[in-house]
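Read the structure below first, then the notes.
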Amino acid sequence: MNRIFSGIQPTGNLHLGNYLGAIRNWVDLQGDYECLYCIVDLHAITVWQDPAELLASTREVTAGLIAAGIDPEKNILFNQSQNPDHASLAWIFNCVARLGWLNRMTQFKEKAGKHRENASVGLYAYPNLMAADILAYKGTHVPVGDDQKQHLELCRDIAQKFNSDFDVDCFPLVEPMILGPATRVMSLRDGRNKMSKSDPSEYSRINLTDGREDIALKIRKAKTDPDALPSEVAGLEGRPEAANLVSIYSSFISKSPEETLAEVGGRQFSEFKRDLTELAVSVLGPIGEEMQRLVDDSDYIDGILRQGGTKARVISGPIMREIQEIVGFVQP
Ligand code: AQP
């Protein structure tokens, strides 16, 4: 059976990259698969989180997912720490994955930067926990943005090594689902960097909670170049900021960049940015408003997460017992 698992960190404002790269695809997939969508608070604490902010952010991200269209009754929506099986399986995977594999992970290098010696052990082992998140449910498909491709390859390596070490056919090899024209939304200030929650510039990203004025201002200030839009994709070569705005626009209208450029080629950015603003406001405005309404009802949000946690444990419980038996642990 096909089962989707995907996660998102409660580490700050949800942004357009999270929405176009992941959340919108989650919404589209929910009718066709059994889906587990997880607010990954265990991943969040791999870097310091203020406890009150973590709690608020977990509720806000949950509200954002529901506001964007995730149905908490049809899907399993929960925060990761509700199910201890993630951490138990991650420990087993810490003993399966090899140091050399983790040393190659580019996200650790980017996040730890020059202060590698000072990074938490959790940040280094993050990909093993991510593999456990998925495989605790024998997830088969993982819809993510392009930045997570390397972690999913590691998840496949771990599954393969576990199956081969114990001579079993326990874990599936997960398939990444990297969908749509905006699989890597870039910063509005620098088209070579990913749009990200931790970018110090507020102008680098559009948040799902931004109102019309903020969206318009950020798009107006977005870096571009002096040339008009080309009519073909080849004309975006060496123009990362222009390419980024074209993929965002394409994603909003569900067309390919080729189709978009056939329509808008030759226009100046000032005009294009006005249209892009209208599109962004029409899609994100209602989500932001609904998110605000939901986040004020923390009892409702906490209830959804608890209910999701219970449903998640019902699936992972028997899988964990199978794994414990394979590894040779006495059953609890
Ligand atoms: N810029 C992006 N373009 C496309 N997809 C993106 N995703 C994140 N940024 C982009 C996708 O969103 C999902 C959840 O991401 P996350 O919050 O769990 O982790 P992240 O990738 O670490 O997000 P940020 O914003 O970059 O956070 P910080 O700044 O804390 O590192 C994933 O599917 C991801 O691919």
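Identifiers for the structure tokens are assigned positionally: chains receive A, B, ... in sequence, residues are indexed from 1 per chain, and ligands are indexed from 1 in the order shown.
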(request) Write as number ranges by chain the residues around ligand 1, taking 9 Å as the cut-off and counting only C-alpha atoms and all ligand atoms. (result) A: 6-23, 39-40, 43-44, 47, 107, 111, 142-149, 178, 182-187, 193-199, 205
Give me the residues of region 247-294 of chain A that have any atom at most 7 Å from an atom of region 51-71 of chain A; for each, the nearest atom pair and the distance in Å, rounded to one decimal. Use only C-alpha atoms, sort by chain and number, and format it as JSON lines.
{"residue": "A:Ile287", "atom": "CA", "partner": "A:Ala67", "partner_atom": "CA", "distance": 5.2}
{"residue": "A:Glu290", "atom": "CA", "partner": "A:Ala67", "partner_atom": "CA", "distance": 5.4}
{"residue": "A:Met291", "atom": "CA", "partner": "A:Ala63", "partner_atom": "CA", "distance": 5.2}
{"residue": "A:Leu294", "atom": "CA", "partner": "A:Ala63", "partner_atom": "CA", "distance": 5.6}
(message) Which residues are near region 154-167 of chain A? Cut-off 6 Å, only C-alpha atoms, ignore same chain within fewer than 5 positions. Put them as a list in words.
(response)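 Everything that qualifies: Ala97, Ala131 and Leu173 of chain A.
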Keeping only all heavy atoms, write the selected residues to a file as a compact mmCIF listing (two decimals), in the first residue's frame.
# COMPACT_ATOMS: atom_id res chain seq x y z
N ALA A 97 23.35 3.65 10.01
CA ALA A 97 23.98 4.62 9.09
C ALA A 97 25.47 4.73 9.40
O ALA A 97 25.90 4.51 10.54
CB ALA A 97 23.31 5.98 9.27
N ALA A 131 14.86 9.62 8.44
CA ALA A 131 14.61 8.27 7.89
C ALA A 131 13.66 7.52 8.82
O ALA A 131 12.72 6.83 8.37
CB ALA A 131 15.93 7.52 7.74
N LEU A 173 11.76 1.04 -0.22
CA LEU A 173 12.66 2.11 -0.64
C LEU A 173 11.80 3.31 -1.01
O LEU A 173 11.03 3.25 -1.98
CB LEU A 173 13.51 1.67 -1.84
CG LEU A 173 14.45 0.50 -1.57
CD1 LEU A 173 15.34 0.23 -2.77
CD2 LEU A 173 15.32 0.76 -0.33
(request) Using backbone DSSP assignments, extract all strand (DSSP E or B) residues from region 74-290 of chain A; output them as a list in words. (result)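 Taking region 74-290 of chain A and keeping strand (DSSP E or B) gives Ile76, Leu77, Phe78, Asn79, His141, Val142, Pro143, Glu175, Pro176, Met177, Met186, Lys194 and Asn207 of chain A.
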DSSP on the backbone: which residues in region 103-306 of chain A end up as helix (DSSP H, G or I)? Give the answer as a short mmCIF file (atom, residue, chain, number, x, y, z; two decimals) with N, CA and C atoms, in the first residue's frame.
data_model
loop_
_atom_site.label_atom_id
_atom_site.label_comp_id
_atom_site.auth_asym_id
_atom_site.auth_seq_id
_atom_site.Cartn_x
_atom_site.Cartn_y
_atom_site.Cartn_z
N ASN A 103 28.68 12.49 6.84
CA ASN A 103 29.68 13.53 6.53
C ASN A 103 29.42 14.18 5.17
N THR A 106 24.98 17.86 2.76
CA THR A 106 25.28 19.29 2.54
C THR A 106 24.49 20.19 3.50
N GLN A 107 23.28 19.76 3.90
CA GLN A 107 22.49 20.64 4.78
C GLN A 107 23.18 20.84 6.13
N PHE A 108 23.81 19.76 6.65
CA PHE A 108 24.54 19.91 7.92
C PHE A 108 25.68 20.93 7.73
N LYS A 109 26.39 20.79 6.61
CA LYS A 109 27.52 21.71 6.38
C LYS A 109 27.01 23.15 6.31
N GLU A 110 25.87 23.35 5.62
CA GLU A 110 25.33 24.72 5.49
C GLU A 110 24.87 25.25 6.85
N LYS A 111 24.16 24.39 7.60
CA LYS A 111 23.58 24.88 8.86
C LYS A 111 24.64 25.03 9.95
N ALA A 112 25.61 24.10 9.99
CA ALA A 112 26.63 24.18 11.04
C ALA A 112 27.65 25.26 10.68
N GLY A 113 27.85 25.48 9.39
CA GLY A 113 28.76 26.53 8.92
C GLY A 113 30.15 26.39 9.51
N LYS A 114 30.68 27.51 9.93
CA LYS A 114 32.07 27.52 10.45
C LYS A 114 32.11 27.00 11.88
N HIS A 115 30.94 26.86 12.52
CA HIS A 115 30.94 26.48 13.93
C HIS A 115 30.60 25.00 14.11
N ARG A 116 31.10 24.18 13.23
CA ARG A 116 30.81 22.76 13.20
C ARG A 116 31.02 22.07 14.56
N GLU A 117 32.14 22.41 15.22
CA GLU A 117 32.46 21.77 16.50
C GLU A 117 31.42 22.10 17.56
N ASN A 118 30.72 23.18 17.35
CA ASN A 118 29.76 23.65 18.34
C ASN A 118 28.32 23.22 18.02
N VAL A 121 24.83 17.31 18.42
CA VAL A 121 24.91 15.96 17.84
C VAL A 121 23.62 15.69 17.06
N GLY A 122 22.51 16.23 17.58
CA GLY A 122 21.21 16.05 16.92
C GLY A 122 21.20 16.61 15.51
N LEU A 123 21.84 17.77 15.33
CA LEU A 123 21.84 18.38 13.99
C LEU A 123 22.60 17.48 13.01
N TYR A 124 23.67 16.87 13.52
CA TYR A 124 24.47 15.97 12.67
C TYR A 124 23.67 14.71 12.31
N ALA A 125 22.95 14.18 13.30
CA ALA A 125 22.21 12.91 13.08
C ALA A 125 20.80 13.14 12.53
N TYR A 126 20.46 14.38 12.25
CA TYR A 126 19.13 14.77 11.75
C TYR A 126 18.63 13.84 10.63
N PRO A 127 19.45 13.52 9.63
CA PRO A 127 18.93 12.67 8.54
C PRO A 127 18.51 11.27 9.00
N ASN A 128 19.16 10.77 10.08
CA ASN A 128 18.76 9.44 10.58
C ASN A 128 17.37 9.51 11.21
N LEU A 129 17.10 10.62 11.91
CA LEU A 129 15.76 10.81 12.49
C LEU A 129 14.74 10.97 11.37
N MET A 130 15.13 11.66 10.32
CA MET A 130 14.20 11.84 9.19
C MET A 130 13.87 10.49 8.55
N ALA A 131 14.86 9.62 8.44
CA ALA A 131 14.61 8.27 7.89
C ALA A 131 13.66 7.52 8.82
N ALA A 132 13.86 7.68 10.14
CA ALA A 132 12.99 7.00 11.11
C ALA A 132 11.56 7.53 11.03
N ASP A 133 11.42 8.85 10.82
CA ASP A 133 10.07 9.45 10.70
C ASP A 133 9.27 8.71 9.63
N ILE A 134 9.94 8.48 8.52
CA ILE A 134 9.25 7.89 7.35
C ILE A 134 9.06 6.39 7.54
N LEU A 135 10.14 5.72 7.97
CA LEU A 135 10.12 4.25 7.98
C LEU A 135 9.40 3.67 9.19
N ASP A 146 12.99 20.37 -3.32
CA ASP A 146 14.22 19.83 -3.90
C ASP A 146 15.38 19.74 -2.88
N ASP A 147 15.36 20.61 -1.86
CA ASP A 147 16.46 20.64 -0.88
C ASP A 147 16.54 19.36 -0.05
N GLN A 148 15.49 18.55 -0.05
CA GLN A 148 15.48 17.35 0.79
C GLN A 148 15.89 16.08 0.04
N LYS A 149 16.25 16.24 -1.23
CA LYS A 149 16.57 15.07 -2.07
C LYS A 149 17.69 14.21 -1.46
N GLN A 150 18.74 14.87 -1.00
CA GLN A 150 19.89 14.13 -0.48
C GLN A 150 19.52 13.33 0.78
N HIS A 151 18.68 13.94 1.63
CA HIS A 151 18.26 13.23 2.84
C HIS A 151 17.43 11.99 2.49
N LEU A 152 16.65 12.10 1.43
CA LEU A 152 15.82 10.94 1.05
C LEU A 152 16.67 9.82 0.44
N GLU A 153 17.75 10.22 -0.23
CA GLU A 153 18.66 9.19 -0.74
C GLU A 153 19.28 8.44 0.44
N LEU A 154 19.62 9.18 1.50
CA LEU A 154 20.17 8.54 2.69
C LEU A 154 19.15 7.60 3.33
N CYS A 155 17.90 8.02 3.31
CA CYS A 155 16.82 7.17 3.87
C CYS A 155 16.78 5.84 3.10
N ARG A 156 16.93 5.92 1.79
CA ARG A 156 16.93 4.69 0.98
C ARG A 156 18.15 3.82 1.34
N ASP A 157 19.30 4.47 1.54
CA ASP A 157 20.52 3.72 1.89
C ASP A 157 20.34 3.01 3.23
N ILE A 158 19.73 3.72 4.19
CA ILE A 158 19.51 3.11 5.51
C ILE A 158 18.56 1.91 5.40
N ALA A 159 17.46 2.10 4.65
CA ALA A 159 16.49 1.01 4.50
C ALA A 159 17.17 -0.21 3.87
N GLN A 160 17.97 0.07 2.84
CA GLN A 160 18.64 -1.03 2.12
C GLN A 160 19.63 -1.76 3.02
N LYS A 161 20.41 -0.99 3.80
CA LYS A 161 21.43 -1.61 4.66
C LYS A 161 20.76 -2.41 5.78
N PHE A 162 19.69 -1.87 6.35
CA PHE A 162 18.98 -2.60 7.41
C PHE A 162 18.46 -3.92 6.83
N ASN A 163 17.78 -3.84 5.69
CA ASN A 163 17.22 -5.07 5.07
C ASN A 163 18.33 -6.08 4.79
N SER A 164 19.47 -5.58 4.32
CA SER A 164 20.54 -6.51 3.95
C SER A 164 21.27 -7.04 5.19
N ASP A 165 21.55 -6.17 6.20
CA ASP A 165 22.24 -6.63 7.42
C ASP A 165 21.46 -7.75 8.11
N GLU A 202 13.77 39.94 6.29
CA GLU A 202 12.33 39.71 6.11
C GLU A 202 11.92 39.87 4.64
N TYR A 203 12.70 40.68 3.91
CA TYR A 203 12.37 40.92 2.50
C TYR A 203 12.77 39.75 1.60
N SER A 204 13.45 38.75 2.18
CA SER A 204 13.87 37.60 1.37
C SER A 204 12.73 36.62 1.14
N ARG A 212 -1.79 41.99 2.25
CA ARG A 212 -1.60 42.55 0.91
C ARG A 212 -0.42 43.53 0.84
N GLU A 213 -0.34 44.43 1.83
CA GLU A 213 0.69 45.47 1.74
C GLU A 213 2.09 44.90 1.82
N ASP A 214 2.29 43.94 2.74
CA ASP A 214 3.62 43.33 2.87
C ASP A 214 3.98 42.55 1.61
N ILE A 215 2.99 41.81 1.09
CA ILE A 215 3.27 41.02 -0.12
C ILE A 215 3.66 41.96 -1.26
N ALA A 216 2.88 43.03 -1.43
CA ALA A 216 3.16 43.97 -2.53
C ALA A 216 4.54 44.60 -2.36
N LEU A 217 4.85 44.99 -1.13
CA LEU A 217 6.15 45.64 -0.87
C LEU A 217 7.31 44.68 -1.16
N LYS A 218 7.18 43.45 -0.68
CA LYS A 218 8.27 42.49 -0.85
C LYS A 218 8.49 42.15 -2.33
N ILE A 219 7.38 42.03 -3.07
CA ILE A 219 7.53 41.71 -4.50
C ILE A 219 8.09 42.94 -5.24
N ARG A 220 7.62 44.13 -4.85
CA ARG A 220 8.15 45.34 -5.51
C ARG A 220 9.65 45.48 -5.27
N LYS A 221 10.09 45.12 -4.05
CA LYS A 221 11.51 45.26 -3.72
C LYS A 221 12.34 44.06 -4.18
N VAL A 233 12.60 29.96 -22.08
CA VAL A 233 13.31 29.63 -20.85
C VAL A 233 14.82 29.84 -20.99
N ALA A 234 15.36 29.61 -22.18
CA ALA A 234 16.80 29.80 -22.39
C ALA A 234 17.22 31.23 -22.04
N GLY A 235 16.30 32.17 -22.20
CA GLY A 235 16.60 33.58 -21.91
C GLY A 235 16.70 33.87 -20.41
N LEU A 236 16.42 32.88 -19.56
CA LEU A 236 16.55 33.06 -18.11
C LEU A 236 17.94 32.63 -17.62
N PRO A 240 19.18 34.43 -12.18
CA PRO A 240 18.50 33.63 -11.15
C PRO A 240 17.27 34.31 -10.55
N GLU A 241 17.32 35.62 -10.38
CA GLU A 241 16.17 36.31 -9.76
C GLU A 241 14.97 36.29 -10.69
N ALA A 242 15.23 36.53 -11.99
CA ALA A 242 14.14 36.50 -12.96
C ALA A 242 13.56 35.08 -13.04
N ALA A 243 14.45 34.09 -13.05
CA ALA A 243 14.00 32.69 -13.14
C ALA A 243 13.13 32.34 -11.94
N ASN A 244 13.52 32.85 -10.77
CA ASN A 244 12.77 32.56 -9.55
C ASN A 244 11.35 33.13 -9.63
N LEU A 245 11.24 34.40 -10.04
CA LEU A 245 9.90 35.01 -10.10
C LEU A 245 9.03 34.31 -11.15
N VAL A 246 9.67 33.87 -12.24
CA VAL A 246 8.89 33.16 -13.27
C VAL A 246 8.40 31.81 -12.72
N SER A 247 9.26 31.11 -11.94
CA SER A 247 8.73 29.82 -11.42
C SER A 247 7.66 30.03 -10.37
N ILE A 248 7.77 31.09 -9.57
CA ILE A 248 6.72 31.35 -8.58
C ILE A 248 5.39 31.64 -9.31
N TYR A 249 5.47 32.51 -10.30
CA TYR A 249 4.27 32.88 -11.08
C TYR A 249 3.67 31.62 -11.73
N SER A 250 4.54 30.79 -12.34
CA SER A 250 4.07 29.57 -13.02
C SER A 250 3.36 28.65 -12.04
N SER A 251 3.96 28.56 -10.85
CA SER A 251 3.38 27.68 -9.85
C SER A 251 1.98 28.16 -9.44
N PHE A 252 1.83 29.47 -9.28
CA PHE A 252 0.52 30.01 -8.91
C PHE A 252 -0.54 29.71 -9.97
N PRO A 257 7.07 26.97 -16.77
CA PRO A 257 7.73 28.25 -17.10
C PRO A 257 7.69 28.54 -18.60
N GLU A 258 7.76 27.50 -19.44
CA GLU A 258 7.70 27.70 -20.91
C GLU A 258 6.37 28.35 -21.28
N GLU A 259 5.28 27.80 -20.71
CA GLU A 259 3.94 28.33 -21.02
C GLU A 259 3.80 29.77 -20.50
N THR A 260 4.33 29.99 -19.29
CA THR A 260 4.24 31.34 -18.72
C THR A 260 4.97 32.34 -19.61
N LEU A 261 6.19 31.99 -20.01
CA LEU A 261 6.97 32.95 -20.81
C LEU A 261 6.34 33.19 -22.17
N ALA A 262 5.66 32.19 -22.69
CA ALA A 262 4.97 32.40 -23.97
C ALA A 262 3.91 33.50 -23.80
N GLU A 263 3.36 33.63 -22.59
CA GLU A 263 2.34 34.66 -22.32
C GLU A 263 2.94 36.00 -21.94
N VAL A 264 3.99 35.96 -21.10
CA VAL A 264 4.45 37.24 -20.51
C VAL A 264 5.77 37.74 -21.10
N PHE A 269 9.56 44.15 -15.83
CA PHE A 269 9.31 43.56 -14.51
C PHE A 269 8.27 44.32 -13.70
N SER A 270 8.21 45.66 -13.89
CA SER A 270 7.26 46.44 -13.09
C SER A 270 5.84 45.92 -13.31
N GLU A 271 5.51 45.65 -14.56
CA GLU A 271 4.16 45.16 -14.90
C GLU A 271 3.98 43.72 -14.39
N PHE A 272 4.99 42.90 -14.64
CA PHE A 272 4.94 41.49 -14.23
C PHE A 272 4.79 41.38 -12.70
N LYS A 273 5.50 42.24 -11.99
CA LYS A 273 5.44 42.19 -10.52
C LYS A 273 4.05 42.56 -10.02
N ARG A 274 3.37 43.48 -10.73
CA ARG A 274 2.00 43.84 -10.32
C ARG A 274 1.08 42.61 -10.44
N ASP A 275 1.20 41.89 -11.55
CA ASP A 275 0.37 40.69 -11.74
C ASP A 275 0.71 39.61 -10.71
N LEU A 276 2.02 39.48 -10.46
CA LEU A 276 2.46 38.47 -9.48
C LEU A 276 1.90 38.79 -8.10
N THR A 277 1.89 40.07 -7.76
CA THR A 277 1.34 40.48 -6.46
C THR A 277 -0.14 40.08 -6.37
N GLU A 278 -0.90 40.37 -7.42
CA GLU A 278 -2.33 40.03 -7.39
C GLU A 278 -2.53 38.53 -7.20
N LEU A 279 -1.72 37.74 -7.92
CA LEU A 279 -1.83 36.28 -7.78
C LEU A 279 -1.51 35.84 -6.36
N ALA A 280 -0.39 36.38 -5.83
CA ALA A 280 0.05 35.98 -4.49
C ALA A 280 -1.01 36.35 -3.45
N VAL A 281 -1.57 37.55 -3.57
CA VAL A 281 -2.57 37.99 -2.59
C VAL A 281 -3.82 37.11 -2.69
N SER A 282 -4.20 36.76 -3.94
CA SER A 282 -5.44 35.97 -4.07
C SER A 282 -5.26 34.55 -3.50
N VAL A 283 -4.04 34.01 -3.58
CA VAL A 283 -3.84 32.65 -3.05
C VAL A 283 -3.55 32.69 -1.55
N LEU A 284 -2.65 33.59 -1.15
CA LEU A 284 -2.17 33.54 0.25
C LEU A 284 -3.10 34.29 1.22
N GLY A 285 -3.81 35.32 0.72
CA GLY A 285 -4.67 36.12 1.60
C GLY A 285 -5.63 35.26 2.41
N PRO A 286 -6.47 34.45 1.75
CA PRO A 286 -7.43 33.64 2.52
C PRO A 286 -6.76 32.65 3.47
N ILE A 287 -5.59 32.13 3.08
CA ILE A 287 -4.90 31.18 3.97
C ILE A 287 -4.45 31.89 5.24
N GLY A 288 -3.86 33.08 5.07
CA GLY A 288 -3.39 33.86 6.23
C GLY A 288 -4.54 34.19 7.18
N GLU A 289 -5.69 34.57 6.61
CA GLU A 289 -6.83 34.95 7.47
C GLU A 289 -7.35 33.76 8.26
N GLU A 290 -7.48 32.63 7.55
CA GLU A 290 -7.99 31.42 8.23
C GLU A 290 -7.00 30.93 9.30
N MET A 291 -5.72 31.08 8.98
CA MET A 291 -4.67 30.66 9.92
C MET A 291 -4.79 31.47 11.21
N GLN A 292 -5.01 32.76 11.06
CA GLN A 292 -5.15 33.64 12.22
C GLN A 292 -6.34 33.23 13.07
N ARG A 293 -7.44 32.88 12.39
CA ARG A 293 -8.65 32.49 13.12
C ARG A 293 -8.39 31.20 13.91
N LEU A 294 -7.72 30.23 13.25
CA LEU A 294 -7.50 28.93 13.90
C LEU A 294 -6.51 29.03 15.05
N VAL A 295 -5.49 29.84 14.87
CA VAL A 295 -4.42 29.87 15.87
C VAL A 295 -4.93 30.44 17.20
N SER A 298 -6.38 27.56 20.55
CA SER A 298 -5.30 26.60 20.79
C SER A 298 -5.85 25.26 21.30
N ASP A 299 -7.02 25.25 21.96
CA ASP A 299 -7.58 23.97 22.43
C ASP A 299 -7.92 23.08 21.23
N TYR A 300 -8.49 23.71 20.20
CA TYR A 300 -8.83 22.95 18.99
C TYR A 300 -7.56 22.37 18.35
N ILE A 301 -6.55 23.23 18.21
CA ILE A 301 -5.29 22.79 17.56
C ILE A 301 -4.64 21.66 18.37
N ASP A 302 -4.57 21.82 19.69
CA ASP A 302 -3.94 20.79 20.52
C ASP A 302 -4.71 19.48 20.43
N GLY A 303 -6.04 19.58 20.35
CA GLY A 303 -6.88 18.38 20.23
C GLY A 303 -6.58 17.65 18.92
N ILE A 304 -6.43 18.40 17.83
CA ILE A 304 -6.12 17.80 16.53
C ILE A 304 -4.78 17.05 16.62
N LEU A 305 -3.79 17.69 17.24
CA LEU A 305 -2.45 17.08 17.30
C LEU A 305 -2.46 15.82 18.16
N ARG A 306 -3.22 15.85 19.27
CA ARG A 306 -3.30 14.67 20.14
C ARG A 306 -3.98 13.51 19.41
#
(message) Let me make sure I understand: among A:Leu188, A:Leu42, A:Leu208, A:Met320, which one has the smallest atom-to-atom distance to Ala222 (chain A) if we use only C-alpha atoms?
(response)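 When distances to Ala222 (chain A) are compared using only C-alpha atoms, the smallest one comes from A:Leu188.
Distances to Trp48 (chain A) were evaluated for A:Glu73, A:Ser120, A:Thr310, A:Asn94 using only C-alpha atoms, and the minimum falls at A:Ser120.
The coordinates place CA of Asp225 (chain A) at 12.7 Å from CA of Arg267 (chain A).
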(message) Please report the interatomic distance between CA of Asn75 (chain A) and CA of Glu322 (chain A) in Å with one decimal.
(response)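 Going from CA of Asn75 (chain A) over to CA of Glu322 (chain A) covers 24.2 Å.
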